[in-house]
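Student: I am sharing data09.pdb, which consists of PDB, C-alpha atoms, pLDDT in the B column:
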ATOM      1  CA  ARG A   1     -22.194 -30.180 -52.863  1.00 58.00           C
ATOM      2  CA  ARG A   2     -21.267 -31.970 -49.648  1.00 62.00           C
ATOM      3  CA  GLY A   3     -24.590 -33.243 -48.421  1.00 68.00           C
ATOM      4  CA  GLY A   4     -27.085 -30.637 -49.502  1.00 73.00           C
ATOM      5  CA  PRO A   5     -27.418 -26.947 -48.834  1.00 80.00           C
ATOM      6  CA  PRO A   6     -26.443 -25.817 -45.338  1.00 76.00           C
ATOM      7  CA  THR A   7     -29.214 -24.718 -43.014  1.00 85.00           C
ATOM      8  CA  SER A   8     -27.144 -21.920 -41.442  1.00 86.00           C
ATOM      9  CA  LEU A   9     -23.726 -20.289 -41.469  1.00 85.00           C
ATOM     10  CA  ARG A  10     -22.786 -22.308 -38.380  1.00 84.00           C
ATOM     11  CA  ALA A  11     -23.834 -25.584 -40.084  1.00 85.00           C
ATOM     12  CA  SER A  12     -21.887 -24.645 -43.196  1.00 86.00           C
ATOM     13  CA  ALA A  13     -18.808 -23.780 -41.111  1.00 87.00           C
ATOM     14  CA  ALA A  14     -19.101 -27.123 -39.290  1.00 87.00           C
ATOM     15  CA  GLN A  15     -19.152 -28.886 -42.681  1.00 88.00           C
ATOM     16  CA  MET A  16     -16.119 -26.849 -43.730  1.00 87.00           C
ATOM     17  CA  SER A  17     -14.348 -27.887 -40.517  1.00 89.00           C
ATOM     18  CA  ARG A  18     -14.994 -31.552 -41.285  1.00 90.00           C
ATOM     19  CA  TRP A  19     -13.764 -31.061 -44.849  1.00 88.00           C
ATOM     20  CA  ALA A  20     -10.571 -29.328 -43.628  1.00 89.00           C
ATOM     21  CA  ALA A  21      -9.955 -32.104 -41.109  1.00 92.00           C
ATOM     22  CA  ARG A  22     -10.190 -34.725 -43.852  1.00 90.00           C
ATOM     23  CA  ARG A  23      -8.419 -32.853 -46.637  1.00 88.00           C
ATOM     24  CA  PHE A  24      -5.548 -31.463 -44.594  1.00 88.00           C
ATOM     25  CA  ASP A  25      -5.304 -34.027 -41.787  1.00 88.00           C
ATOM     26  CA  MET A  26      -6.188 -31.415 -39.170  1.00 91.00           C
ATOM     27  CA  LYS A  27      -6.870 -32.832 -35.696  1.00 91.00           C
ATOM     28  CA  GLN A  28      -8.500 -29.923 -33.824  1.00 90.00           C
ATOM     29  CA  VAL A  29     -10.320 -27.547 -36.158  1.00 91.00           C
ATOM     30  CA  SER A  30     -13.671 -25.982 -35.346  1.00 90.00           C
ATOM     31  CA  LEU A  31     -14.786 -22.991 -37.394  1.00 87.00           C
ATOM     32  CA  VAL A  32     -17.939 -20.972 -36.754  1.00 86.00           C
ATOM     33  CA  ASP A  33     -17.902 -18.937 -39.965  1.00 79.00           C
ATOM     34  CA  HIS A  34     -16.067 -18.973 -43.280  1.00 73.00           C
ATOM     35  CA  SER A  35     -13.428 -16.434 -42.356  1.00 71.00           C
ATOM     36  CA  GLY A  36     -12.175 -18.564 -39.467  1.00 67.00           C
ATOM     37  CA  LEU A  37     -11.916 -15.338 -37.481  1.00 67.00           C
ATOM     38  CA  GLY A  38     -15.003 -15.705 -35.312  1.00 72.00           C
ATOM     39  CA  ASP A  39     -14.227 -15.576 -31.600  1.00 75.00           C
ATOM     40  CA  ALA A  40     -15.491 -19.130 -31.150  1.00 82.00           C
ATOM     41  CA  SER A  41     -13.423 -20.602 -34.025  1.00 84.00           C
ATOM     42  CA  ARG A  42     -10.574 -22.859 -32.946  1.00 87.00           C
ATOM     43  CA  VAL A  43      -7.540 -24.267 -34.742  1.00 90.00           C
ATOM     44  CA  THR A  44      -4.139 -25.188 -33.357  1.00 92.00           C
ATOM     45  CA  ALA A  45      -0.899 -23.799 -34.772  1.00 94.00           C
ATOM     46  CA  ASP A  46       0.172 -27.410 -35.459  1.00 95.00           C
ATOM     47  CA  ASP A  47      -2.974 -27.996 -37.500  1.00 94.00           C
ATOM     48  CA  LEU A  48      -2.509 -24.783 -39.442  1.00 93.00           C
ATOM     49  CA  VAL A  49       1.090 -25.697 -40.286  1.00 95.00           C
ATOM     50  CA  THR A  50      -0.057 -29.165 -41.371  1.00 94.00           C
ATOM     51  CA  ALA A  51      -2.725 -27.580 -43.594  1.00 92.00           C
ATOM     52  CA  LEU A  52      -0.253 -25.079 -45.060  1.00 94.00           C
ATOM     53  CA  ILE A  53       2.194 -27.833 -45.992  1.00 93.00           C
ATOM     54  CA  GLU A  54      -0.502 -30.036 -47.510  1.00 90.00           C
ATOM     55  CA  ALA A  55      -2.197 -27.180 -49.396  1.00 90.00           C
ATOM     56  CA  ARG A  56       1.157 -26.158 -50.825  1.00 90.00           C
ATOM     57  CA  ARG A  57       1.882 -29.748 -51.838  1.00 89.00           C
ATOM     58  CA  GLN A  58      -1.480 -29.815 -53.627  1.00 85.00           C
ATOM     59  CA  GLY A  59      -0.642 -26.550 -55.427  1.00 84.00           C
ATOM     60  CA  ALA A  60      -3.594 -24.670 -53.943  1.00 78.00           C
ATOM     61  CA  LEU A  61      -1.794 -22.170 -51.762  1.00 85.00           C
ATOM     62  CA  ARG A  62       0.506 -19.858 -53.727  1.00 78.00           C
ATOM     63  CA  PRO A  63      -2.180 -17.356 -54.904  1.00 81.00           C
ATOM     64  CA  LEU A  64      -3.345 -16.797 -51.320  1.00 88.00           C
ATOM     65  CA  LEU A  65       0.036 -15.854 -49.858  1.00 94.00           C
ATOM     66  CA  LYS A  66       1.722 -12.484 -50.086  1.00 95.00           C
ATOM     67  CA  ALA A  67       5.282 -11.361 -49.492  1.00 95.00           C
ATOM     68  CA  ILE A  68       5.669 -10.057 -45.948  1.00 95.00           C
ATOM     69  CA  PRO A  69       8.537  -7.568 -45.711  1.00 94.00           C
ATOM     70  CA  ILE A  70      11.150  -8.062 -43.017  1.00 92.00           C
ATOM     71  CA  ARG A  71      11.622  -4.942 -40.909  1.00 89.00           C
ATOM     72  CA  ASP A  72      14.394  -3.643 -38.693  1.00 84.00           C
ATOM     73  CA  ALA A  73      13.970  -2.687 -35.009  1.00 82.00           C
ATOM     74  CA  ASN A  74      12.637   0.747 -36.073  1.00 85.00           C
ATOM     75  CA  GLY A  75      10.000  -0.743 -38.379  1.00 84.00           C
ATOM     76  CA  ARG A  76      11.795   0.104 -41.624  1.00 90.00           C
ATOM     77  CA  VAL A  77      11.639  -2.467 -44.424  1.00 93.00           C
ATOM     78  CA  LEU A  78      14.965  -4.229 -44.975  1.00 90.00           C
ATOM     79  CA  ARG A  79      15.399  -4.229 -48.760  1.00 90.00           C
ATOM     80  CA  ASN A  80      17.995  -7.028 -48.806  1.00 90.00           C
ATOM     81  CA  ALA A  81      16.767  -9.077 -45.863  1.00 91.00           C
ATOM     82  CA  PRO A  82      18.361 -12.531 -45.646  1.00 90.00           C
ATOM     83  CA  ILE A  83      14.942 -14.053 -44.858  1.00 93.00           C
ATOM     84  CA  LYS A  84      11.999 -14.150 -47.242  1.00 95.00           C
ATOM     85  CA  VAL A  85       8.445 -14.620 -45.952  1.00 96.00           C
ATOM     86  CA  ASP A  86       5.302 -15.533 -47.897  1.00 96.00           C
ATOM     87  CA  ALA A  87       2.301 -15.677 -45.606  1.00 96.00           C
ATOM     88  CA  LYS A  88      -1.307 -14.824 -44.895  1.00 94.00           C
ATOM     89  CA  THR A  89      -2.278 -12.456 -42.121  1.00 91.00           C
ATOM     90  CA  GLY A  90      -5.345 -12.428 -39.940  1.00 87.00           C
ATOM     91  CA  THR A  91      -5.977  -9.377 -37.790  1.00 87.00           C
ATOM     92  CA  LEU A  92      -8.767  -8.388 -35.434  1.00 87.00           C
ATOM     93  CA  ASN A  93      -8.726  -5.977 -32.526  1.00 90.00           C
ATOM     94  CA  PHE A  94      -6.190  -7.414 -30.056  1.00 93.00           C
ATOM     95  CA  VAL A  95      -5.729 -10.541 -32.226  1.00 91.00           C
ATOM     96  CA  SER A  96      -2.993 -11.157 -34.775  1.00 92.00           C
ATOM     97  CA  GLY A  97      -2.244 -14.255 -36.799  1.00 92.00           C
ATOM     98  CA  LEU A  98       0.430 -14.968 -39.364  1.00 95.00           C
ATOM     99  CA  GLY A  99       0.903 -18.259 -41.173  1.00 96.00           C
ATOM    100  CA  GLY A 100       2.982 -19.242 -44.163  1.00 96.00           C
ATOM    101  CA  PHE A 101       6.530 -20.046 -45.182  1.00 96.00           C
ATOM    102  CA  MET A 102       9.887 -18.466 -44.509  1.00 95.00           C
ATOM    103  CA  THR A 103      13.059 -19.064 -46.463  1.00 94.00           C
ATOM    104  CA  ALA A 104      16.287 -18.544 -44.533  1.00 93.00           C
ATOM    105  CA  ALA A 105      19.508 -17.180 -46.022  1.00 91.00           C
ATOM    106  CA  ASP A 106      20.833 -20.697 -46.675  1.00 93.00           C
ATOM    107  CA  GLY A 107      17.619 -21.726 -48.494  1.00 93.00           C
ATOM    108  CA  THR A 108      16.092 -23.659 -45.597  1.00 93.00           C
ATOM    109  CA  GLU A 109      12.337 -23.374 -45.826  1.00 93.00           C
ATOM    110  CA  LEU A 110      10.043 -23.547 -42.816  1.00 95.00           C
ATOM    111  CA  ALA A 111       6.280 -23.508 -42.489  1.00 95.00           C
ATOM    112  CA  PHE A 112       4.976 -21.570 -39.501  1.00 97.00           C
ATOM    113  CA  ALA A 113       1.857 -20.328 -37.750  1.00 97.00           C
ATOM    114  CA  ILE A 114       1.826 -17.651 -35.077  1.00 97.00           C
ATOM    115  CA  PHE A 115      -1.253 -16.674 -33.089  1.00 93.00           C
ATOM    116  CA  ALA A 116      -1.243 -13.817 -30.596  1.00 93.00           C
ATOM    117  CA  ALA A 117      -4.221 -12.471 -28.674  1.00 92.00           C
ATOM    118  CA  ASP A 118      -5.139 -10.413 -25.674  1.00 94.00           C
ATOM    119  CA  ARG A 119      -8.511 -11.977 -25.003  1.00 91.00           C
ATOM    120  CA  SER A 120      -9.253  -9.890 -21.923  1.00 94.00           C
ATOM    121  CA  ALA A 121      -8.599  -6.610 -23.793  1.00 95.00           C
ATOM    122  CA  ARG A 122     -10.774  -7.860 -26.639  1.00 92.00           C
ATOM    123  CA  ALA A 123     -13.584  -8.739 -24.225  1.00 92.00           C
ATOM    124  CA  ARG A 124     -13.528  -5.186 -22.805  1.00 93.00           C
ATOM    125  CA  ILE A 125     -14.270  -3.519 -26.169  1.00 94.00           C
ATOM    126  CA  SER A 126     -17.597  -1.708 -25.996  1.00 92.00           C
ATOM    127  CA  ARG A 127     -19.992  -1.772 -28.933  1.00 90.00           C
ATOM    128  CA  ALA A 128     -19.237   1.926 -29.566  1.00 92.00           C
ATOM    129  CA  GLU A 129     -15.463   1.238 -29.725  1.00 92.00           C
ATOM    130  CA  ARG A 130     -15.529  -1.795 -32.039  1.00 88.00           C
ATOM    131  CA  GLU A 131     -14.168  -0.033 -35.118  1.00 88.00           C
ATOM    132  CA  VAL A 132     -11.014   1.366 -33.486  1.00 88.00           C
ATOM    133  CA  PRO A 133     -10.808   0.532 -29.788  1.00 95.00           C
ATOM    134  CA  PRO A 134      -8.232   2.363 -27.668  1.00 94.00           C
ATOM    135  CA  GLY A 135      -4.894   0.570 -27.688  1.00 95.00           C
ATOM    136  CA  ALA A 136      -5.715  -1.894 -30.479  1.00 95.00           C
ATOM    137  CA  ARG A 137      -3.447  -0.400 -33.127  1.00 94.00           C
ATOM    138  CA  ALA A 138      -0.483  -0.218 -30.762  1.00 95.00           C
ATOM    139  CA  TRP A 139      -1.117  -3.775 -29.539  1.00 96.00           C
ATOM    140  CA  ASN A 140      -1.286  -5.115 -33.117  1.00 94.00           C
ATOM    141  CA  GLY A 141       1.943  -3.269 -33.932  1.00 92.00           C
ATOM    142  CA  ARG A 142       3.676  -4.960 -31.009  1.00 94.00           C
ATOM    143  CA  ALA A 143       2.269  -8.338 -32.112  1.00 95.00           C
ATOM    144  CA  ARG A 144       3.635  -7.853 -35.643  1.00 94.00           C
ATOM    145  CA  ALA A 145       7.036  -6.826 -34.237  1.00 93.00           C
ATOM    146  CA  PHE A 146       7.069  -9.972 -32.108  1.00 95.00           C
ATOM    147  CA  GLN A 147       6.196 -12.091 -35.164  1.00 95.00           C
ATOM    148  CA  GLN A 148       9.166 -10.542 -36.974  1.00 93.00           C
ATOM    149  CA  LYS A 149      11.459 -11.376 -34.060  1.00 93.00           C
ATOM    150  CA  LEU A 150      10.285 -14.988 -34.020  1.00 95.00           C
ATOM    151  CA  ILE A 151      10.839 -15.362 -37.758  1.00 94.00           C
ATOM    152  CA  ALA A 152      14.309 -13.783 -37.526  1.00 90.00           C
ATOM    153  CA  ARG A 153      15.191 -16.138 -34.678  1.00 92.00           C
ATOM    154  CA  TRP A 154      13.992 -19.176 -36.627  1.00 93.00           C
ATOM    155  CA  GLY A 155      16.065 -18.019 -39.593  1.00 91.00           C
ATOM    156  CA  THR A 156      19.147 -17.895 -37.365  1.00 89.00           C
ATOM    157  CA  VAL A 157      18.520 -21.190 -35.547  1.00 92.00           C
ATOM    158  CA  TYR A 158      17.272 -23.339 -38.440  1.00 88.00           C
ATOM    159  CA  GLY A 159      18.792 -21.626 -41.436  1.00 83.00           C
ATOM    160  CA  SER A 160      22.483 -21.868 -40.714  1.00 70.00           C
TER     161      SER A 160
END
Using structure tokens, write down the structure that the file contains.

Tutor:
Amino acid sequence: RRGGPPTSLRASAAQMSRWAARRFDMKQVSLVDHSGLGDASRVTADDLVTALIEARRQGALRPLLKAIPIRDANGRVLRNAPIKVDAKTGTLNFVSGLGGFMTAADGTELAFAIFAADRSARARISRAEREVPPGARAWNGRARAFQQKLIARWGTVYGS
């Protein structure tokens, strides 16, 4: 619909990048596939936050987000957490992304994007280990715990 059928996945992703830049005022977006998770895809956290805010304003975002439970230091879900999070996750081996909105105890709402990666560990994954490489699950668990700590901190700093 935007200039004829794409000649390849890469060409289609490039068209999608241009569309996202225009539609969501993104400055540095370069996707290589439609998941956005290809190793060569690039987007800044600032651009993702800008896109989240604009997509929400346009009413296109709510069905894509899910409630992310807040956990304590032992990983247990806090049933009455003072912070609410609605976000989208993106996880690969040694890569973790989380973007969405948090609502602090006082009602302050913040958009956020967090990207974490261990690119050298990811580069060391052999073809045989791609499904479940050694250390990936533990690394992703630590990344999620760090995301929780950031969100809790933002709730304290900006929501009081």

Student: With all atoms listed in the file as the counted atoms, please give the residues lying no more than 12 Å from Gly155 (chain A), apart from itself and same-chain residues fewer than 3 positions off, as an mmCIF file with C-alpha atoms, keeping the file's coordinate frame.

Tutor:
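To be explicit, this is the file written out as selection-v1.cif:
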data_model
loop_
_atom_site.group_PDB
_atom_site.id
_atom_site.type_symbol
_atom_site.label_atom_id
_atom_site.label_comp_id
_atom_site.auth_asym_id
_atom_site.auth_seq_id
_atom_site.Cartn_x
_atom_site.Cartn_y
_atom_site.Cartn_z
ATOM 1 C CA ILE A 70 11.150 -8.062 -43.017
ATOM 2 C CA ALA A 81 16.767 -9.077 -45.863
ATOM 3 C CA PRO A 82 18.361 -12.531 -45.646
ATOM 4 C CA ILE A 83 14.942 -14.053 -44.858
ATOM 5 C CA LYS A 84 11.999 -14.150 -47.242
ATOM 6 C CA VAL A 85 8.445 -14.620 -45.952
ATOM 7 C CA PHE A 101 6.530 -20.046 -45.182
ATOM 8 C CA MET A 102 9.887 -18.466 -44.509
ATOM 9 C CA THR A 103 13.059 -19.064 -46.463
ATOM 10 C CA ALA A 104 16.287 -18.544 -44.533
ATOM 11 C CA ALA A 105 19.508 -17.180 -46.022
ATOM 12 C CA ASP A 106 20.833 -20.697 -46.675
ATOM 13 C CA GLY A 107 17.619 -21.726 -48.494
ATOM 14 C CA THR A 108 16.092 -23.659 -45.597
ATOM 15 C CA GLU A 109 12.337 -23.374 -45.826
ATOM 16 C CA LEU A 110 10.043 -23.547 -42.816
ATOM 17 C CA ALA A 111 6.280 -23.508 -42.489
ATOM 18 C CA PHE A 112 4.976 -21.570 -39.501
ATOM 19 C CA GLN A 148 9.166 -10.542 -36.974
ATOM 20 C CA LYS A 149 11.459 -11.376 -34.060
ATOM 21 C CA LEU A 150 10.285 -14.988 -34.020
ATOM 22 C CA ILE A 151 10.839 -15.362 -37.758
ATOM 23 C CA ALA A 152 14.309 -13.783 -37.526
ATOM 24 C CA TYR A 158 17.272 -23.339 -38.440
ATOM 25 C CA GLY A 159 18.792 -21.626 -41.436
ATOM 26 C CA SER A 160 22.483 -21.868 -40.714
#

Student: Find the distance between CA of Val132 (chain A) and CA of Asp118 (chain A) and write it in Å to one decimal.

Tutor: 15.3 Å

Student: Name the residues that the PyMOL selection byres ((chain A and resi 13-30) around 10) pulls out of this structure, and write them as an mmCIF file with C-alpha atoms, in the frame of the given file.

Tutor:
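And here's selection.cif as it stands now:
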data_model
loop_
_atom_site.group_PDB
_atom_site.id
_atom_site.type_symbol
_atom_site.label_atom_id
_atom_site.label_comp_id
_atom_site.auth_asym_id
_atom_site.auth_seq_id
_atom_site.Cartn_x
_atom_site.Cartn_y
_atom_site.Cartn_z
ATOM 1 C CA ARG A 2 -21.267 -31.970 -49.648
ATOM 2 C CA GLY A 3 -24.590 -33.243 -48.421
ATOM 3 C CA PRO A 6 -26.443 -25.817 -45.338
ATOM 4 C CA SER A 8 -27.144 -21.920 -41.442
ATOM 5 C CA LEU A 9 -23.726 -20.289 -41.469
ATOM 6 C CA ARG A 10 -22.786 -22.308 -38.380
ATOM 7 C CA ALA A 11 -23.834 -25.584 -40.084
ATOM 8 C CA SER A 12 -21.887 -24.645 -43.196
ATOM 9 C CA LEU A 31 -14.786 -22.991 -37.394
ATOM 10 C CA VAL A 32 -17.939 -20.972 -36.754
ATOM 11 C CA ASP A 33 -17.902 -18.937 -39.965
ATOM 12 C CA HIS A 34 -16.067 -18.973 -43.280
ATOM 13 C CA SER A 35 -13.428 -16.434 -42.356
ATOM 14 C CA GLY A 36 -12.175 -18.564 -39.467
ATOM 15 C CA ALA A 40 -15.491 -19.130 -31.150
ATOM 16 C CA SER A 41 -13.423 -20.602 -34.025
ATOM 17 C CA ARG A 42 -10.574 -22.859 -32.946
ATOM 18 C CA VAL A 43 -7.540 -24.267 -34.742
ATOM 19 C CA THR A 44 -4.139 -25.188 -33.357
ATOM 20 C CA ALA A 45 -0.899 -23.799 -34.772
ATOM 21 C CA ASP A 46 0.172 -27.410 -35.459
ATOM 22 C CA ASP A 47 -2.974 -27.996 -37.500
ATOM 23 C CA LEU A 48 -2.509 -24.783 -39.442
ATOM 24 C CA VAL A 49 1.090 -25.697 -40.286
ATOM 25 C CA THR A 50 -0.057 -29.165 -41.371
ATOM 26 C CA ALA A 51 -2.725 -27.580 -43.594
ATOM 27 C CA LEU A 52 -0.253 -25.079 -45.060
ATOM 28 C CA ILE A 53 2.194 -27.833 -45.992
ATOM 29 C CA GLU A 54 -0.502 -30.036 -47.510
ATOM 30 C CA ALA A 55 -2.197 -27.180 -49.396
#

Student: Go ahead and compute the interatomic distance for CA of Asn140 (chain A) and CA of Gly38 (chain A), in Å to one decimal.

Tutor: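 Between these atoms lies a distance of 17.5 Å.
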
Student: Quick check, in Å to one decimal: how far apart do CA of Arg71 (chain A) and CA of Leu98 (chain A) lie?

Tutor: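 Interatomic distance, CA of Arg71 (chain A) to CA of Leu98 (chain A): 15.1 Å.
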
Student: Written as a ChimeraX atom specification, which residues does the PyMOL selection byres ((chain A and resi 67) around 8) give for the file shown?

Tutor: /A:65-66,68-69,84-87

Student: Applying the PyMOL selection byres ((chain A and resi 92) around 12) to the file I just gave you, which residues come out? Please list them as a ChimeraX atom specification.

Tutor: /A:35-39,89-91,93-98,115-119,121-122,125,130-133,136-137,139-141,143

Student: Take the residues that were just selected and, keeping C-alpha atoms, output them as a CSV table (one decimal), in the coordinates of the input.

Tutor:
chain,number,residue,atom,x,y,z
A,35,SER,CA,-13.4,-16.4,-42.4
A,36,GLY,CA,-12.2,-18.6,-39.5
A,37,LEU,CA,-11.9,-15.3,-37.5
A,38,GLY,CA,-15.0,-15.7,-35.3
A,39,ASP,CA,-14.2,-15.6,-31.6
A,89,THR,CA,-2.3,-12.5,-42.1
A,90,GLY,CA,-5.3,-12.4,-39.9
A,91,THR,CA,-6.0,-9.4,-37.8
A,93,ASN,CA,-8.7,-6.0,-32.5
A,94,PHE,CA,-6.2,-7.4,-30.1
A,95,VAL,CA,-5.7,-10.5,-32.2
A,96,SER,CA,-3.0,-11.2,-34.8
A,97,GLY,CA,-2.2,-14.3,-36.8
A,98,LEU,CA,0.4,-15.0,-39.4
A,115,PHE,CA,-1.3,-16.7,-33.1
A,116,ALA,CA,-1.2,-13.8,-30.6
A,117,ALA,CA,-4.2,-12.5,-28.7
A,118,ASP,CA,-5.1,-10.4,-25.7
A,119,ARG,CA,-8.5,-12.0,-25.0
A,121,ALA,CA,-8.6,-6.6,-23.8
A,122,ARG,CA,-10.8,-7.9,-26.6
A,125,ILE,CA,-14.3,-3.5,-26.2
A,130,ARG,CA,-15.5,-1.8,-32.0
A,131,GLU,CA,-14.2,0.0,-35.1
A,132,VAL,CA,-11.0,1.4,-33.5
A,133,PRO,CA,-10.8,0.5,-29.8
A,136,ALA,CA,-5.7,-1.9,-30.5
A,137,ARG,CA,-3.4,-0.4,-33.1
A,139,TRP,CA,-1.1,-3.8,-29.5
A,140,ASN,CA,-1.3,-5.1,-33.1
A,141,GLY,CA,1.9,-3.3,-33.9
A,143,ALA,CA,2.3,-8.3,-32.1

Student: Draw an axis-aligned box tight on the listed atoms of region 133-145 of chain A, then pad every side by 5 Å and write out centre and edge lengths in Å to one decimal as JSON.

Tutor:
{"center_x": -1.9, "center_y": -3.0, "center_z": -31.7, "size_x": 27.8, "size_y": 20.7, "size_z": 18.0}

Student: Go through A:Arg76, A:Gly100, A:Arg144, A:Thr156 and flag the residue nearest Lys88 (chain A), using only C-alpha atoms for the distances.

Tutor: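 Smallest separation from Lys88 (chain A) among the options: A:Gly100.
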
Student: Using all atoms listed in the file, which of the listed residues (A:Ser120, A:Ala113, A:Gln58, A:Asn74) sits closest to Gln147 (chain A)?

Tutor: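 Smallest separation from Gln147 (chain A) among the options: A:Ala113.
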